[in-house]
file my_file_37.txt (compact mmCIF, C-alpha atoms)
# COMPACT_ATOMS: atom_id res chain seq x y z
CA GLY A 74 -4.74 9.06 -54.17
CA ILE A 75 -3.14 5.79 -53.16
CA ARG A 76 -4.72 2.91 -51.32
CA ASP A 77 -2.03 0.96 -49.51
CA ARG A 78 -2.57 -2.36 -47.78
CA SER A 79 0.44 -3.74 -45.93
CA PRO A 80 1.12 -7.19 -44.47
CA SER A 81 0.91 -8.24 -40.86
CA ARG A 82 1.15 -12.05 -40.53
CA GLY A 83 0.76 -14.80 -43.07
CA LEU A 84 0.72 -13.64 -46.67
CA GLY A 85 0.25 -9.90 -46.64
CA TYR A 86 -0.50 -7.80 -49.65
CA VAL A 87 0.02 -4.25 -50.83
CA TYR A 88 -2.62 -2.83 -53.13
CA LYS A 89 -1.76 0.58 -54.60
CA ARG A 90 -4.31 2.25 -56.84
CA GLN A 91 -2.98 4.68 -59.43
CA TYR A 92 -4.69 7.93 -60.42
CA LYS A 93 -1.97 10.35 -61.55
CA GLY A 94 1.59 9.10 -61.81
CA CYS A 95 2.97 5.91 -60.30
CA PRO A 96 2.88 5.18 -56.55
CA ASP A 97 6.07 4.93 -54.54
CA GLY A 98 7.92 1.70 -55.25
CA THR A 99 6.51 1.32 -58.76
CA VAL A 100 7.64 2.48 -62.19
CA PRO A 101 5.82 3.16 -65.50
CA ASP A 102 4.85 0.01 -67.38
CA PRO A 103 5.20 0.43 -71.17
CA GLU A 104 3.14 -2.69 -71.86
CA TYR A 105 -0.07 -1.09 -70.65
CA SER A 106 0.54 2.24 -72.37
CA ALA A 107 1.29 0.49 -75.67
CA THR A 108 -1.72 -1.82 -75.57
CA GLU A 109 -4.30 0.52 -74.06
CA LEU A 110 -4.43 3.42 -76.52
CA ASN A 111 -1.40 5.22 -75.02
CA LEU A 112 -3.68 6.98 -72.56
CA GLU A 113 -1.63 6.67 -69.39
CA PHE A 114 1.12 4.41 -68.17
CA GLY A 115 0.26 1.52 -65.95
CA CYS A 116 2.64 0.77 -63.12
CA LYS A 117 4.69 -2.25 -62.15
CA PRO A 118 6.91 -2.97 -59.12
CA LYS A 119 10.57 -2.17 -59.56
CA GLU A 120 12.45 -5.13 -61.02
CA LYS A 121 14.71 -5.64 -58.01
CA ASP A 122 11.66 -5.66 -55.73
CA GLN A 123 10.09 -8.83 -57.17
CA GLY A 124 11.11 -12.45 -56.64
CA ASN A 125 13.26 -13.82 -53.84
CA GLN A 126 15.71 -11.02 -53.08
CA CYS A 127 16.66 -12.40 -49.65
CA ASN A 128 19.65 -14.53 -48.74
CA GLY A 129 19.36 -17.06 -45.95
CA THR A 130 16.47 -18.90 -44.37
CA GLY A 131 14.33 -18.66 -41.28
CA ALA A 132 11.66 -16.30 -40.04
CA GLY A 133 11.45 -13.13 -42.09
CA ALA A 134 13.78 -14.47 -44.78
CA SER A 135 11.09 -13.93 -47.43
CA ILE A 136 10.63 -10.23 -46.60
CA ASN A 137 12.59 -7.65 -48.58
CA THR A 138 13.19 -5.16 -45.77
CA ALA A 139 14.29 -2.47 -48.23
CA THR A 140 10.95 -2.43 -50.06
CA GLY A 141 8.51 -4.42 -47.92
CA ASN A 142 7.78 -6.95 -50.64
CA GLU A 143 6.83 -10.32 -49.19
CA TYR A 144 7.86 -13.33 -51.29
CA HIS A 145 6.66 -16.89 -50.88
CA GLN A 146 7.15 -19.95 -53.09
CA GLU A 147 5.35 -23.29 -53.36
CA ILE A 148 6.81 -26.16 -55.42
CA ILE A 149 4.58 -28.74 -57.08
CA GLN A 150 7.00 -31.67 -57.25
CA VAL A 151 6.25 -33.81 -60.27
CA GLY A 152 9.78 -34.93 -61.18
CA ASP A 153 11.31 -35.65 -64.60
CA GLY A 154 11.95 -31.95 -65.22
CA LEU A 155 8.24 -31.13 -64.86
CA ASP A 156 8.21 -29.43 -61.44
CA ILE A 157 6.09 -26.27 -61.24
CA SER A 158 6.69 -23.37 -58.87
CA LEU A 159 4.03 -20.96 -57.67
CA ALA A 160 5.37 -17.66 -56.37
CA TYR A 161 3.69 -14.94 -54.35
CA ASN A 162 4.73 -11.27 -54.25
CA SER A 163 2.82 -8.82 -52.04
CA HIS A 164 3.74 -5.91 -54.33
CA ILE A 165 1.39 -6.24 -57.26
CA ARG A 166 1.42 -5.04 -60.84
CA ILE A 167 -1.43 -2.65 -61.67
CA ASN A 168 -2.65 -1.03 -64.86
CA LYS A 169 -3.69 2.55 -65.54
CA TYR A 170 -7.22 1.88 -64.31
CA GLY A 171 -5.94 0.70 -60.92
CA ASN A 172 -6.74 -2.94 -61.65
CA TYR A 173 -4.33 -5.61 -60.45
CA ASP A 174 -2.81 -8.41 -62.49
CA ILE A 175 -4.37 -11.83 -61.80
CA ASN A 176 -2.01 -13.52 -64.32
CA LYS A 177 -4.10 -16.70 -64.73
CA THR A 178 -3.76 -17.68 -61.05
CA ALA A 179 -4.57 -15.25 -58.23
CA LEU A 180 -3.78 -11.86 -56.78
CA GLY A 181 -0.01 -11.63 -56.32
CA TRP A 182 0.70 -15.17 -57.57
CA THR A 183 2.65 -16.20 -60.67
CA MET A 184 3.58 -19.62 -62.06
CA SER A 185 6.89 -20.76 -63.53
CA ALA A 186 5.21 -22.31 -66.57
CA ASN A 187 3.72 -18.91 -67.41
CA ASN A 188 6.99 -17.25 -68.41
CA TYR A 189 6.40 -15.12 -71.49
CA ILE A 190 7.94 -12.27 -73.50
CA SER A 191 6.05 -9.10 -74.36
CA PRO A 192 5.79 -7.65 -77.87
CA ILE A 193 8.51 -5.16 -78.82
CA TYR A 194 7.56 -1.67 -77.63
CA THR A 195 9.08 1.59 -78.77
CA VAL A 196 9.42 4.07 -75.91
CA GLY A 197 10.84 7.28 -77.35
CA ASN A 198 13.56 6.06 -79.68
CA GLN A 199 14.21 2.94 -77.62
CA GLN A 200 13.00 -0.55 -78.54
CA THR A 201 12.06 -2.52 -75.44
CA VAL A 202 10.79 -5.99 -74.52
CA ILE A 203 9.80 -7.28 -71.09
CA ILE A 204 10.31 -10.86 -69.93
CA HIS A 205 7.77 -12.04 -67.37
CA ARG A 206 9.32 -14.58 -65.00
CA GLY A 207 7.58 -17.21 -62.91
CA ASP A 208 8.85 -15.68 -59.66
CA GLY A 209 7.03 -12.44 -60.41
CA ARG A 210 9.93 -10.48 -61.83
CA TYR A 211 9.65 -8.32 -64.93
CA ILE A 212 13.01 -8.02 -66.70
CA THR A 213 13.32 -5.18 -69.20
CA TYR A 214 15.61 -5.56 -72.21
CA ASN A 215 16.53 -2.64 -74.47
CA TYR A 216 17.96 -3.01 -77.96
CA ASN A 217 21.49 -1.63 -78.36
CA ASN A 218 21.84 -0.60 -81.99
CA ALA A 219 25.59 -0.10 -81.70
CA ILE A 220 26.26 -3.78 -80.99
CA SER A 221 22.98 -5.24 -82.35
CA GLU A 222 22.12 -6.93 -79.05
CA TRP A 223 19.37 -6.88 -76.44
CA GLU A 224 20.70 -5.69 -73.09
CA ALA A 225 19.06 -6.05 -69.68
CA GLU A 226 18.18 -2.71 -68.16
CA ASN A 227 19.20 -3.86 -64.68
CA LYS A 228 22.43 -5.52 -65.94
CA GLU A 229 21.09 -9.07 -65.60
CA LYS A 230 23.54 -11.64 -66.94
CA ASP A 231 20.77 -13.67 -68.59
CA VAL A 232 21.13 -13.46 -72.37
CA LEU A 233 18.19 -12.69 -74.66
CA GLN A 234 18.48 -13.25 -78.42
CA GLN A 235 15.92 -12.65 -81.13
CA THR A 236 15.61 -15.46 -83.67
CA THR A 237 13.65 -15.99 -86.89
CA SER A 238 11.07 -18.04 -84.95
CA GLY A 239 10.89 -15.90 -81.81
CA TRP A 240 13.29 -15.62 -78.88
CA LEU A 241 16.04 -17.60 -77.13
CA PHE A 242 16.62 -16.90 -73.43
CA ASN A 243 19.73 -18.28 -71.70
CA SER A 244 19.35 -17.92 -67.93
CA GLN A 245 22.08 -17.95 -65.29
CA SER A 246 20.53 -21.14 -63.93
CA GLY A 247 21.63 -22.99 -67.06
CA ALA A 248 18.15 -23.24 -68.59
CA ILE A 249 17.63 -22.45 -72.25
CA GLU A 250 14.11 -21.24 -72.95
CA ASN A 251 12.61 -20.99 -76.43
CA TYR A 252 9.72 -18.61 -77.15
CA ASN A 253 7.69 -18.24 -80.32
CA ASN A 254 7.00 -14.97 -82.15
CA SER A 255 3.95 -14.41 -79.94
CA GLY A 256 6.16 -14.50 -76.84
CA LYS A 257 4.83 -17.83 -75.57
CA LEU A 258 7.22 -20.30 -73.94
CA VAL A 259 7.45 -23.38 -76.20
CA SER A 260 10.36 -25.37 -74.74
CA ILE A 261 12.83 -25.53 -71.85
CA GLU A 262 16.18 -27.31 -71.93
CA LYS A 263 18.04 -27.91 -68.66
CA ASN A 264 20.12 -30.70 -67.11
CA ASN A 265 19.71 -32.98 -70.14
CA SER A 266 15.93 -32.57 -69.95
CA ILE A 267 13.82 -31.11 -72.76
CA VAL A 268 10.27 -30.03 -71.96
CA THR A 269 7.89 -28.84 -74.66
CA VAL A 270 4.88 -26.65 -73.95
CA THR A 271 1.58 -26.70 -75.87
CA TYR A 272 -1.38 -24.35 -75.50
CA ASN A 273 -5.14 -24.18 -75.63
CA GLY A 274 -5.65 -20.54 -76.56
CA ASP A 275 -3.64 -18.40 -74.15
CA PHE A 276 -3.54 -21.11 -71.48
CA ILE A 277 -1.02 -23.91 -71.19
CA ASP A 278 -2.57 -27.25 -72.07
CA LYS A 279 0.34 -29.65 -71.56
CA MET A 280 4.05 -29.80 -70.71
CA THR A 281 5.81 -32.94 -71.97
CA ASN A 282 9.38 -34.15 -71.51
CA GLN A 283 11.48 -36.14 -73.98
CA PHE A 284 10.34 -39.45 -72.43
CA GLY A 285 6.64 -38.75 -72.92
CA ASN A 286 5.90 -37.92 -69.28
CA TYR A 287 3.63 -34.91 -68.97
CA ILE A 288 1.50 -32.64 -66.85
CA GLN A 289 -1.81 -31.28 -68.11
CA PHE A 290 -3.59 -28.13 -66.98
CA THR A 291 -7.27 -27.29 -66.73
CA ASN A 292 -8.86 -23.91 -66.11
CA ASN A 293 -12.25 -22.67 -64.98
CA ASN A 294 -13.36 -21.64 -68.48
CA ASN A 295 -14.20 -18.08 -67.40
CA SER A 296 -16.69 -19.24 -64.78
CA SER A 297 -15.14 -16.82 -62.27
CA THR A 298 -15.78 -13.09 -62.15
CA PHE A 299 -12.01 -12.78 -61.87
CA GLY A 300 -11.46 -14.39 -65.28
CA ASN A 301 -10.02 -17.63 -66.51
CA ARG A 302 -7.61 -19.29 -64.04
CA TYR A 303 -5.79 -22.57 -63.71
CA THR A 304 -7.66 -25.01 -61.48
CA THR A 305 -5.93 -28.42 -61.74
CA ILE A 306 -2.60 -29.92 -62.74
CA THR A 307 -2.61 -33.64 -63.60
CA ASP A 308 0.38 -35.82 -64.49
CA ASN A 309 0.56 -38.91 -66.72
CA VAL A 310 0.05 -41.31 -63.77
CA ASN A 311 -3.13 -39.42 -62.77
CA ARG A 312 -1.79 -37.57 -59.75
CA ILE A 313 -3.85 -34.39 -59.38
CA TRP A 314 -3.04 -31.04 -57.76
CA VAL A 315 -6.06 -28.75 -57.23
CA LEU A 316 -5.82 -24.96 -56.90
CA GLY A 317 -8.62 -23.53 -54.76
CA TYR A 318 -9.64 -19.86 -54.82
CA SER A 319 -11.48 -17.46 -52.59
CA GLY A 320 -12.40 -14.38 -54.57
CA ASP A 321 -9.22 -13.01 -56.14
CA LYS A 322 -6.88 -14.96 -53.83
CA LEU A 323 -5.32 -18.42 -53.93
CA ALA A 324 -6.88 -20.13 -50.92
CA SER A 325 -5.43 -23.64 -51.05
CA ILE A 326 -3.50 -26.32 -52.88
CA THR A 327 -4.80 -29.88 -52.56
CA TYR A 328 -2.12 -32.51 -53.20
CA PRO A 329 -2.46 -35.99 -54.72
CA ASP A 330 -2.46 -37.59 -51.25
CA ASN A 331 -5.47 -35.36 -50.36
CA SER A 332 -3.43 -33.23 -47.98
CA VAL A 333 -4.31 -29.54 -48.19
CA LYS A 334 -2.16 -26.45 -47.76
CA GLN A 335 -4.18 -23.33 -47.00
CA PHE A 336 -3.14 -19.70 -47.38
CA LYS A 337 -4.24 -16.88 -45.11
CA TYR A 338 -3.98 -13.20 -46.00
CA CYS A 339 -3.80 -10.45 -43.42
CA LEU A 340 -4.62 -6.77 -43.74
CA LEU A 341 -2.92 -4.47 -41.25
CA TYR A 342 -4.04 -1.04 -42.41
CA THR A 343 -6.29 0.50 -45.02
CA SER A 344 -6.02 4.20 -45.83
CA PRO A 345 -9.22 6.17 -46.51
CA SER A 346 -10.65 5.80 -49.99
CA PRO A 347 -9.59 8.58 -52.36

call {"tool": "encode", "arguments": {"input": "my_file_37.txt", "output": "structure tokens"}}
result
Amino acid sequence: GIRDRSPSRGLGYVYKRQYKGCPDGTVPDPEYSATELNLEFGCKPKEKDQGNQCNGTGAGASINTATGNEYHQEIIQVGDGLDISLAYNSHIRINKYGNYDINKTALGWTMSANNYISPIYTVGNQQTVIIHRGDGRYITYNYNNAISEWEAENKEKDVLQQTTSGWLFNSQSGAIENYNNSGKLVSIEKNNSIVTVTYNGDFIDKMTNQFGNYIQFTNNNNSSTFGNRYTTITDNVNRIWVLGYSGDKLASITYPDNSVKQFKYCLLYTSPSP
């Protein structure tokens, strides 16, 4: 059975629970099958469904009319190469148990600083890695033995190279991202700016540019039933951005000037429980 929740106004969401096979609009996710005893594939949205697939602006510009995915982006403007984007996709990644992916923020939300690369998975005879992008996209790269290169499954022009210390990702935007052997983002180079990333466990602790300016992250230390999530972002001049939650959803962002942006989520239809 599939439970499907679709958007009306505001930030809608689609929640599809998997029992046998993947729901419409999703594809098997090798990460879950490889890490969860190979019992059953999890499912993820199709790669071209995530992120901002719309051209133009105005009402409805963030809706992918081909798939129904709703995309929304918030920018935390710090400056000095330290800006952070928060992105919302209404089509949500789920695992084989039907659980959705909170991804250290909230249901449907991802953060640009949280880019990471999966371990190498072997699916059949094919070696595969998945790059998780801050806009919610999952980009699959397969290893081509004939030319000894990693190639994007959806023909992305971004270049992925494996190095002795991890990975090098050259994006079309001009950014060069370095990842360690664990797949964690450790530095970003773009527009003559170099930002290094340090961690406290699996969570980002600090992002620092070449001039010593930084932003520091705190999390709720597993005090939520929905797991550990980022709660504040503070820069080196003590400006603070606060992420507020309501259950599994991002409810608000409070800015350094104490202004608050709130997010509302609307449910248009719920099918009967399976």

call {"tool": "atom_distance", "arguments": {"input": "my_file_37.txt", "atom1": "CA of Asn254 (chain A)", "atom2": "CA of Trp240 (chain A)"}}
result
7.1 Å

call {"tool": "closest_residue", "arguments": {"input": "my_file_37.txt", "among": "A:Thr178, A:Gly154, A:Leu233, A:Tyr144", "to": "Ala324 (chain A)", "atoms": "only C-alpha atoms"}}
result
A:Thr178

call {"tool": "residues_near_point", "arguments": {"input": "my_file_37.txt", "point": "(10.1, -15.3, -73.0)", "cutoff": "8 Å", "atoms": "only C-alpha atoms", "output": "PyMOL selection string"}}
result
chain A and resi 188-191+204-205+240-242+250-252+256-258

call {"tool": "closest_residue", "arguments": {"input": "my_file_37.txt", "among": "A:Ala219, A:Ile261, A:Ala248, A:Met184", "to": "Ile149 (chain A)", "atoms": "only C-alpha atoms"}}
result
A:Met184

call {"tool": "closest_atom_pairs", "arguments": {"input": "my_file_37.txt", "of": "region 138-242 of chain A", "to": "region 274-283 of chain A", "cutoff": "9 Å", "atoms": "all atoms listed in the file", "output": "tab-separated table"}}
result
residue	atom	partner	partner_atom	distance
A:Asp153	CA	A:Asn282	CA	7.3
A:Gly154	CA	A:Asn282	CA	7.1
A:Leu155	CA	A:Met280	CA	7.3
A:Lys177	CA	A:Phe276	CA	8.1
A:Ala186	CA	A:Ile277	CA	7.9
A:Asn187	CA	A:Ile277	CA	7.9

call {"tool": "closest_residue", "arguments": {"input": "my_file_37.txt", "among": "A:Asn286, A:Asn162, A:Thr201, A:Thr304", "to": "Glu224 (chain A)", "atoms": "only C-alpha atoms"}}
result
A:Thr201

call {"tool": "closest_residue", "arguments": {"input": "my_file_37.txt", "among": "A:Ser246, A:Asn217, A:Gln150, A:Thr307", "to": "Asp231 (chain A)", "atoms": "all atoms listed in the file"}}
result
A:Ser246

call {"tool": "atom_distance", "arguments": {"input": "my_file_37.txt", "atom1": "CA of Arg206 (chain A)", "atom2": "CA of Val315 (chain A)"}}
result
22.3 Å

call {"tool": "closest_residue", "arguments": {"input": "my_file_37.txt", "among": "A:Gln146, A:Leu159, A:Arg302, A:Arg312", "to": "Gln289 (chain A)", "atoms": "only C-alpha atoms"}}
result
A:Arg312

call {"tool": "atom_distance", "arguments": {"input": "my_file_37.txt", "atom1": "CA of Tyr303 (chain A)", "atom2": "CA of Gly317 (chain A)"}}
result
9.4 Å

call {"tool": "closest_residue", "arguments": {"input": "my_file_37.txt", "among": "A:Ser319, A:Tyr161, A:Glu226, A:Tyr338", "to": "Ile136 (chain A)", "atoms": "all atoms listed in the file"}}
result
A:Tyr161

call {"tool": "axis_aligned_box", "arguments": {"input": "my_file_37.txt", "around": "region 284-291 of chain A", "padding_each_side": "5 Å", "output": "AutoDock Vina command-line options"}}
result
--center_x 1.5 --center_y -33.4 --center_z -69.8 --size_x 27.6 --size_y 22.2 --size_z 16.2
